[in-house]
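Participant: What follows is a single structure, and I will ask about it in a moment.
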Amino acid sequence: MSEVDPTSAPAPAAPAAESARGAARHEIPEAMRRDVRLLGGLLGEVLREYGRPGLYEDVERLRALAITALEEPGGEHLAAAEELVESFTTERAEEVARAFTCYFHLTNLAEELHRVRTLRAREGEVPLTEQRPSDSVAAALTHLAAEVGEEEARRRLARMRFHPVLTAHPTEARRNAVASSIRRVTELMSERDDPRWGPGALEENRRQLLAEIDNLWRTAQLRPSNPSPLDEVRTSLAVFDTSLFDVFARVYRRLDDWLLGEDRGRRAPLAPAFVRLGTWIGGDRDGNPNVTAAITRQAAAQASERILSGLERVAREVALELTLDDRFTPPSADLTALWNRQRQLSPELAAQAAAHSPGESHRQVLLVVAERIAATRRRDADLAYAGADDLRAELGVVQDSLVAAGASRAAYGNLQELIWRVETFGFHLSQLEVRQHSKVHAQTLAWLDDPSSVSAPAVPPEEVLDTFRAIAAVQARHGVEACRRYIVSFTKSAQHLADVYTLAERALGPGQAPVLDVIPLFETFEDLQNAPRILDEMLSLPWVQRRLEQTGRQVEVMLGYSDSAKDVGPVSATLALYEAQQRIAEWAEANDIRLTQFHGRGGALGRGGGPANRAILAQPPHSVDLRFKVTEQGEVINARYGNPDIAVRHIEQVAAATLMASAPSIERRNAEAARRYAGLAEHLDATSRERFFSLIHADGFAPWFAEVTPQEEIGLLAIGSRPSRRGLSVESLEDLRAIPWNFAWTQARINLTGWYGLGSALEEVDDLDLLRTAYAEWPLFGTMIDNVEMSLAKTDPRIARRYLELGDRPDLAEQVLAELDLTTKWVLAITDHTRLLEGHRVLGRAVQLRNPYVDALSLLQLRALRVLRDSSCELSETEVEDQQRLLLLTLKGVAAGLQNTG
């Protein structure tokens, strides 16, 4: 790209457009502007060195035209950009698409670096004891204490749980090789912030950056084949290695330091280990034939290997730090007893530890502890721990002995962080959850009773039974917590839950089934409405009654955001999910149930995406109840947890909201707002759903949708092990999974799944004063409007119209565009904004600056789609593959530019 500031425009703009993009350009922080300028300049240098004549010039011409087309009224500049794109050879079009995609990767990392820079600067500006951002756990605890008292607030903190669940849903469009290259560039850019670096060091750093960006440019953006489930497991474990292993302990430490103030580091911790990590990766077999019982066993084994290796390493590091002489820090009687047990267990290990650290009892014991963790990893039965609780108990003995000897700082320093890790991860790292469709269970039971009754089972019955044997094997090796949750997709009756327990007994024999918590997943609008009735029936199942006695009446219920939104539209789905949570919470209270509602949210707004902390604070009273469990999918995993500093901030925000949701004032506010605006909710629901149905139930809608978006081609994108559709064709929306449904509309720059139907509903209400008051007073409505505004900001009517013209249905195209205009008009009026995201400075700036570059990629994508959709154009197999490759490259680029896929 150009050495010139890439945020600058090449031509004067019309006032309205200039007010948006111009304001965004001026608001960009100087440090971030410097980073983007450097990275854009280096990419431009790489393009010039690449050796393809005119490549750099073509990229710059398209960039300039796209910016001018956005800023000046009329369509001549956009038409000129289209003409330029059409003039490219297929090879040149691919090169230009790759250039813009690389630019977005570099811009994304520059924005991430600036976020980290801002977070660190904010922390350094005030003393630790005063660091209480309004959305921090410390602020939430202070607010809660003012309402319920200090003691009760601390009790609630101790009960709080945040349970993110990583999934392999294919919404991370980047290859691992590309992600690794980006990480290396990020590390090099971070080094440039070191104030001690002189000109020579900076120049060497620039040379290395140039080499890495050249590497990124030459790395294929497209995977040659779909990743396997174990590839997806390894990808998630990479996030654990680079971030999560240390991040959770860091969150606890920050909170504990604030709670203890001047006593931090020398008093027993007050911060609980409140995070538990879950995963579907290697366990989610709903619609994914590649996830087998063998894969589930291997996924659990790899996770256990990784956490045990980490715990062993940290235990050894802590041991080597504890050079405390027994004369100054005498061991307690319990520590001496533990040492004697260790000597009996392994005289050789004990002798080695004693020889290595004579007169240092605490160190000796921890050295043997580290060896026992290693033995657990190796499955050495003579030395292995029976479970994580045994390790936690021995670490507690060491800690108590240090405290008794007056070495409290050693007790509550790195040793405490090791204890927090054991409490958070156990010996399994993440709690592996199995998911399967209810129809598969019913079909398997029917086949077992009469093989002739089922002609072609969707999943081989023996594989279904092997799944339960795998769960039992995982529990035997890694503990019950490693894998006890079994989620039933499309739960429509309590019988669907009973089927799971029956199959477990058929697989292993009566009394031999693994411990199971069978979790209903309510996904469709109808299922959400029926949830309380199904849960009532569930309580009568004997397996559930036994499990309630064992767990203290704990029940988990999962709510699906994706299919409900595809079912009735984003507005009705939002309202239905709120009502379902409210009714399920009331059901739990009436039945003395300790409830956890598990939110199956995606990254896209049409799948429940958006800021998680705001969503939590808008939920019905008692529906959160100090426990927030949520799926984290695809690009969201890297965005939220890939960088440790950003991960810490995200976890703190979600934890704070989870704690604050229990405040009487918050519960009262949400309950009163729901009652006050019940009539408005009813109008919004009915009108938006009618409008949504008029579109998706129109004759020929599904084929038209496949024609005007790259939906079919998304299935060719090697981004996940799971198929993108349930059938072989898309004749109805039921055949299509929610991810490509969202992904396709996002790529077409329409984002229909995040807003469609709202404009008509607001027009029907036609009371701006009422709507503005609701926006201010009703958290659910306020969050909905803000999320829709974000979705609208990533749409582009000029580009969207060109996609819609690919289909021969002007009636449907105009219906979509009319609803887009109507929704935009009302959202701007309700928020009192003159432009979208006017009140969100950082996000608005990012979207405004990116849009013209995304436009360039969209025009390249449209070029490929037109060729592929042209029935009069006879293409050879090679020509089809060339156009598909160009299209897939632009899919990657647009996803990077919008920072969103499905």
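Simple scheme: letters A, B, ... for chains in structure tokens order, numbers from 1 for residues in each chain, numbers from 1 for ligands in the order shown.
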Using only C-alpha atoms, determine which residues lie at most 9 Å from A:Phe490, disregarding the query and same-chain residues fewer than 6 positions distant; provide the list as a VMD selection string.
Facilitator: chain A and resid 437 to 439 496 520 to 524 527
Participant: Show which residues sit within 12 Å of stretch 192-203 of chain A, as an NGL selection string. Count only C-alpha atoms, and ignore same-chain residues fewer than 3 positions away.
Facilitator: :A and (31-32 or 34-35 or 38 or 113-114 or 116-117 or 120 or 185-189 or 206-210)
Participant: To test your reading of the structure, identify every residue in stretch 541-718 of chain A that backbone DSSP assigns to helix (DSSP H, G or I), and report it as a PyMOL selection string.
Facilitator: chain A and resi 542-551+562-568+570-590+605-607+612-617+635-641+644-660+664-676+678-696+701-708+711-714
Participant: So which residues touch A:Arg689 within 12 Å, counting only C-alpha atoms, skipping near sequence neighbours fewer than 6 positions away, as a list in words?
Facilitator: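 In the requested form, the answer reads Phe525, Ser564, Ala565, Lys566, Asp567, Val568, Gly569, Pro570, Val571, Ser572, Ala573, Thr574, Leu575, Ala576, Ala681, Glu682, His683, Leu695, Ile696, His697, Trp755, Tyr756, Gly757, Leu758, Gly759, Ser760 and Ala761 of chain A.
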Participant: Emit the selected residues as a PDB file, in the first residue's frame, including C-alpha atoms.
Facilitator:
ATOM      1  CA  PHE A 525     -39.044 -20.171  18.496  1.00  0.00           C
ATOM      2  CA  SER A 564     -34.315 -18.838  16.675  1.00  0.00           C
ATOM      3  CA  ALA A 565     -33.163 -15.729  14.786  1.00  0.00           C
ATOM      4  CA  LYS A 566     -33.235 -17.635  11.479  1.00  0.00           C
ATOM      5  CA  ASP A 567     -36.660 -18.922  12.464  1.00  0.00           C
ATOM      6  CA  VAL A 568     -38.528 -15.680  13.278  1.00  0.00           C
ATOM      7  CA  GLY A 569     -36.081 -12.846  12.631  1.00  0.00           C
ATOM      8  CA  PRO A 570     -33.713 -10.928  14.902  1.00  0.00           C
ATOM      9  CA  VAL A 571     -36.304  -8.798  16.731  1.00  0.00           C
ATOM     10  CA  SER A 572     -38.737 -11.578  17.598  1.00  0.00           C
ATOM     11  CA  ALA A 573     -35.863 -13.888  18.517  1.00  0.00           C
ATOM     12  CA  THR A 574     -34.430 -11.306  20.936  1.00  0.00           C
ATOM     13  CA  LEU A 575     -37.808 -10.859  22.620  1.00  0.00           C
ATOM     14  CA  ALA A 576     -38.527 -14.604  22.649  1.00  0.00           C
ATOM     15  CA  ALA A 681     -42.631  -5.483  22.845  1.00  0.00           C
ATOM     16  CA  GLU A 682     -45.824  -7.097  21.586  1.00  0.00           C
ATOM     17  CA  HIS A 683     -46.063  -4.639  18.679  1.00  0.00           C
ATOM     18  CA  LEU A 695     -39.479 -12.230   2.877  1.00  0.00           C
ATOM     19  CA  ILE A 696     -38.250 -15.681   3.823  1.00  0.00           C
ATOM     20  CA  HIS A 697     -41.551 -17.411   3.020  1.00  0.00           C
ATOM     21  CA  TRP A 755     -31.769  -5.932  11.555  1.00  0.00           C
ATOM     22  CA  TYR A 756     -34.440  -7.144   9.134  1.00  0.00           C
ATOM     23  CA  GLY A 757     -37.995  -6.427  10.308  1.00  0.00           C
ATOM     24  CA  LEU A 758     -37.101  -3.806  12.905  1.00  0.00           C
ATOM     25  CA  GLY A 759     -37.727  -0.836  10.610  1.00  0.00           C
ATOM     26  CA  SER A 760     -41.274  -1.913   9.784  1.00  0.00           C
ATOM     27  CA  ALA A 761     -41.965  -2.588  13.454  1.00  0.00           C
TER      28      ALA A 761
END
Participant: As a ChimeraX atom specification, please: the residues near stretch 90-96 of chain A (cut-off 9 Å, only C-alpha atoms, same-chain neighbours under 5 positions excluded).
Facilitator: /A:52,55-56,58-59,62,85,101,857,860,882-883,885-887,889-890
Participant: What does the file look like for those residues with N, CA, C and O atoms, as a PDB file, in the first residue's frame?
Facilitator:
ATOM      1  N   ARG A  52       5.601  -8.185 -10.106  1.00  0.00           N
ATOM      2  CA  ARG A  52       4.519  -8.186 -11.086  1.00  0.00           C
ATOM      3  C   ARG A  52       4.307  -6.753 -11.557  1.00  0.00           C
ATOM      4  O   ARG A  52       3.864  -5.910 -10.777  1.00  0.00           O
ATOM      5  N   LEU A  55       1.306  -4.077 -10.379  1.00  0.00           N
ATOM      6  CA  LEU A  55       0.471  -4.540  -9.274  1.00  0.00           C
ATOM      7  C   LEU A  55       0.254  -3.436  -8.249  1.00  0.00           C
ATOM      8  O   LEU A  55      -0.883  -3.135  -7.862  1.00  0.00           O
ATOM      9  N   TYR A  56       1.334  -2.833  -7.792  1.00  0.00           N
ATOM     10  CA  TYR A  56       1.220  -1.785  -6.783  1.00  0.00           C
ATOM     11  C   TYR A  56       0.339  -0.646  -7.294  1.00  0.00           C
ATOM     12  O   TYR A  56      -0.529  -0.130  -6.582  1.00  0.00           O
ATOM     13  N   ASP A  58      -2.031  -0.762  -9.595  1.00  0.00           N
ATOM     14  CA  ASP A  58      -3.432  -1.178  -9.683  1.00  0.00           C
ATOM     15  C   ASP A  58      -4.101  -1.168  -8.305  1.00  0.00           C
ATOM     16  O   ASP A  58      -5.264  -0.764  -8.168  1.00  0.00           O
ATOM     17  N   VAL A  59      -3.373  -1.624  -7.297  1.00  0.00           N
ATOM     18  CA  VAL A  59      -3.914  -1.614  -5.932  1.00  0.00           C
ATOM     19  C   VAL A  59      -4.216  -0.176  -5.504  1.00  0.00           C
ATOM     20  O   VAL A  59      -5.283   0.119  -4.946  1.00  0.00           O
ATOM     21  N   LEU A  62      -7.311   1.307  -7.364  1.00  0.00           N
ATOM     22  CA  LEU A  62      -8.577   0.791  -6.835  1.00  0.00           C
ATOM     23  C   LEU A  62      -8.858   1.374  -5.453  1.00  0.00           C
ATOM     24  O   LEU A  62      -9.997   1.735  -5.136  1.00  0.00           O
ATOM     25  N   VAL A  85     -11.898  -3.053 -11.977  1.00  0.00           N
ATOM     26  CA  VAL A  85     -11.897  -4.445 -11.528  1.00  0.00           C
ATOM     27  C   VAL A  85     -12.163  -5.386 -12.703  1.00  0.00           C
ATOM     28  O   VAL A  85     -11.529  -6.446 -12.835  1.00  0.00           O
ATOM     29  N   THR A 101      -6.500  -8.031   1.465  1.00  0.00           N
ATOM     30  CA  THR A 101      -6.655  -8.929   2.612  1.00  0.00           C
ATOM     31  C   THR A 101      -5.472  -8.788   3.569  1.00  0.00           C
ATOM     32  O   THR A 101      -5.656  -8.705   4.791  1.00  0.00           O
ATOM     33  N   LEU A 857     -12.817  -5.045  -2.135  1.00  0.00           N
ATOM     34  CA  LEU A 857     -12.892  -6.502  -2.147  1.00  0.00           C
ATOM     35  C   LEU A 857     -14.265  -6.978  -2.590  1.00  0.00           C
ATOM     36  O   LEU A 857     -14.394  -7.990  -3.292  1.00  0.00           O
ATOM     37  N   LEU A 860     -14.487  -7.016  -6.284  1.00  0.00           N
ATOM     38  CA  LEU A 860     -13.783  -8.181  -6.826  1.00  0.00           C
ATOM     39  C   LEU A 860     -14.628  -9.439  -6.650  1.00  0.00           C
ATOM     40  O   LEU A 860     -14.678 -10.305  -7.535  1.00  0.00           O
ATOM     41  N   ASP A 882     -10.746 -21.101 -11.234  1.00  0.00           N
ATOM     42  CA  ASP A 882     -10.101 -19.785 -11.090  1.00  0.00           C
ATOM     43  C   ASP A 882     -11.052 -18.778 -10.465  1.00  0.00           C
ATOM     44  O   ASP A 882     -10.676 -18.014  -9.569  1.00  0.00           O
ATOM     45  N   GLN A 883     -12.290 -18.756 -10.951  1.00  0.00           N
ATOM     46  CA  GLN A 883     -13.267 -17.808 -10.412  1.00  0.00           C
ATOM     47  C   GLN A 883     -13.627 -18.149  -8.967  1.00  0.00           C
ATOM     48  O   GLN A 883     -13.793 -17.254  -8.132  1.00  0.00           O
ATOM     49  N   ARG A 885     -11.661 -19.627  -6.822  1.00  0.00           N
ATOM     50  CA  ARG A 885     -10.516 -19.258  -5.984  1.00  0.00           C
ATOM     51  C   ARG A 885     -10.514 -17.755  -5.698  1.00  0.00           C
ATOM     52  O   ARG A 885     -10.269 -17.333  -4.563  1.00  0.00           O
ATOM     53  N   LEU A 886     -10.799 -16.945  -6.741  1.00  0.00           N
ATOM     54  CA  LEU A 886     -10.888 -15.500  -6.526  1.00  0.00           C
ATOM     55  C   LEU A 886     -11.988 -15.188  -5.518  1.00  0.00           C
ATOM     56  O   LEU A 886     -11.798 -14.365  -4.605  1.00  0.00           O
ATOM     57  N   LEU A 887     -13.115 -15.843  -5.669  1.00  0.00           N
ATOM     58  CA  LEU A 887     -14.230 -15.604  -4.761  1.00  0.00           C
ATOM     59  C   LEU A 887     -13.864 -15.967  -3.326  1.00  0.00           C
ATOM     60  O   LEU A 887     -14.149 -15.215  -2.376  1.00  0.00           O
ATOM     61  N   LEU A 889     -10.920 -16.072  -1.986  1.00  0.00           N
ATOM     62  CA  LEU A 889      -9.965 -15.081  -1.474  1.00  0.00           C
ATOM     63  C   LEU A 889     -10.684 -13.837  -0.973  1.00  0.00           C
ATOM     64  O   LEU A 889     -10.343 -13.278   0.074  1.00  0.00           O
ATOM     65  N   THR A 890     -11.702 -13.401  -1.724  1.00  0.00           N
ATOM     66  CA  THR A 890     -12.433 -12.210  -1.284  1.00  0.00           C
ATOM     67  C   THR A 890     -13.278 -12.496  -0.048  1.00  0.00           C
ATOM     68  O   THR A 890     -13.485 -11.606   0.784  1.00  0.00           O
TER      69      THR A 890
END
Participant: Distance table requested - stretch 310-408 of chain A against stretch 469-482 of chain A, cut-off 10 Å, only C-alpha atoms: one row per qualifying residue with the closest atom pair and its distance in Å to one decimal, ordered by chain and rising residue number, as JSON lines.
Facilitator:
{"residue": "A:Thr376", "atom": "CA", "partner": "A:His478", "partner_atom": "CA", "distance": 9.9}
{"residue": "A:Arg379", "atom": "CA", "partner": "A:Arg477", "partner_atom": "CA", "distance": 9.0}
{"residue": "A:Ala386", "atom": "CA", "partner": "A:Gly479", "partner_atom": "CA", "distance": 8.8}
{"residue": "A:Gly387", "atom": "CA", "partner": "A:Gly479", "partner_atom": "CA", "distance": 6.9}
{"residue": "A:Ala388", "atom": "CA", "partner": "A:Gly479", "partner_atom": "CA", "distance": 8.7}
Participant: Which residues come within 12 Å of A:Asp400, counting only C-alpha atoms, excluding same-chain residues fewer than 4 positions away, as an MDAnalysis selection string?
Facilitator: chainID A and resid 267:268 329:335 362 393:396 404:412 415:416
Participant: Within 10 Å of A:Ala319, counting only C-alpha atoms, which residues show up once you throw out same-chain ones fewer than 2 positions away? Write them as a ChimeraX atom specification, please.
Facilitator: /A:313-317,321-323,357,362-370,414-415
Participant: Could you produce a table of the residues of stretch 211-276 of chain A lying within 6 Å of stretch 640-661 of chain A, with the nearest pair of atoms per residue and their separation in Å rounded to one decimal, using only C-alpha atoms, ordered by chain and increasing residue number, as a Markdown table?
Facilitator:
| residue | atom | partner | partner_atom | distance |
| --- | --- | --- | --- | --- |
| A:Val239 | CA | A:Gly642 | CA | 5.9 |
| A:Ser243 | CA | A:Pro644 | CA | 5.1 |
| A:Val247 | CA | A:Pro644 | CA | 6.0 |
| A:Val251 | CA | A:Val648 | CA | 5.9 |
Participant: Using only C-alpha atoms, pick whichever of A:Asp517, A:Glu763, A:Asp808, A:Asp796 has the shortest atom-to-atom distance to A:Lys825.
Facilitator: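 Of all the options, A:Glu763 lies closest to A:Lys825.
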Participant: State, in Å with one decimal place, the distance from atom CA of A:Thr167 to atom CA of A:Thr118.
Facilitator: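 A separation of 29.5 Å between them.
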Participant: Which distance in Å separates atom CA of A:Trp778 and atom CA of A:Ala618, to one decimal?
Facilitator: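 Rounded to one decimal, the two atoms are 8.2 Å apart.
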Participant: Using Å and a single decimal, report how far atom CA of A:Leu898 sits from atom CA of A:Leu106.
Facilitator: 13.4 Å
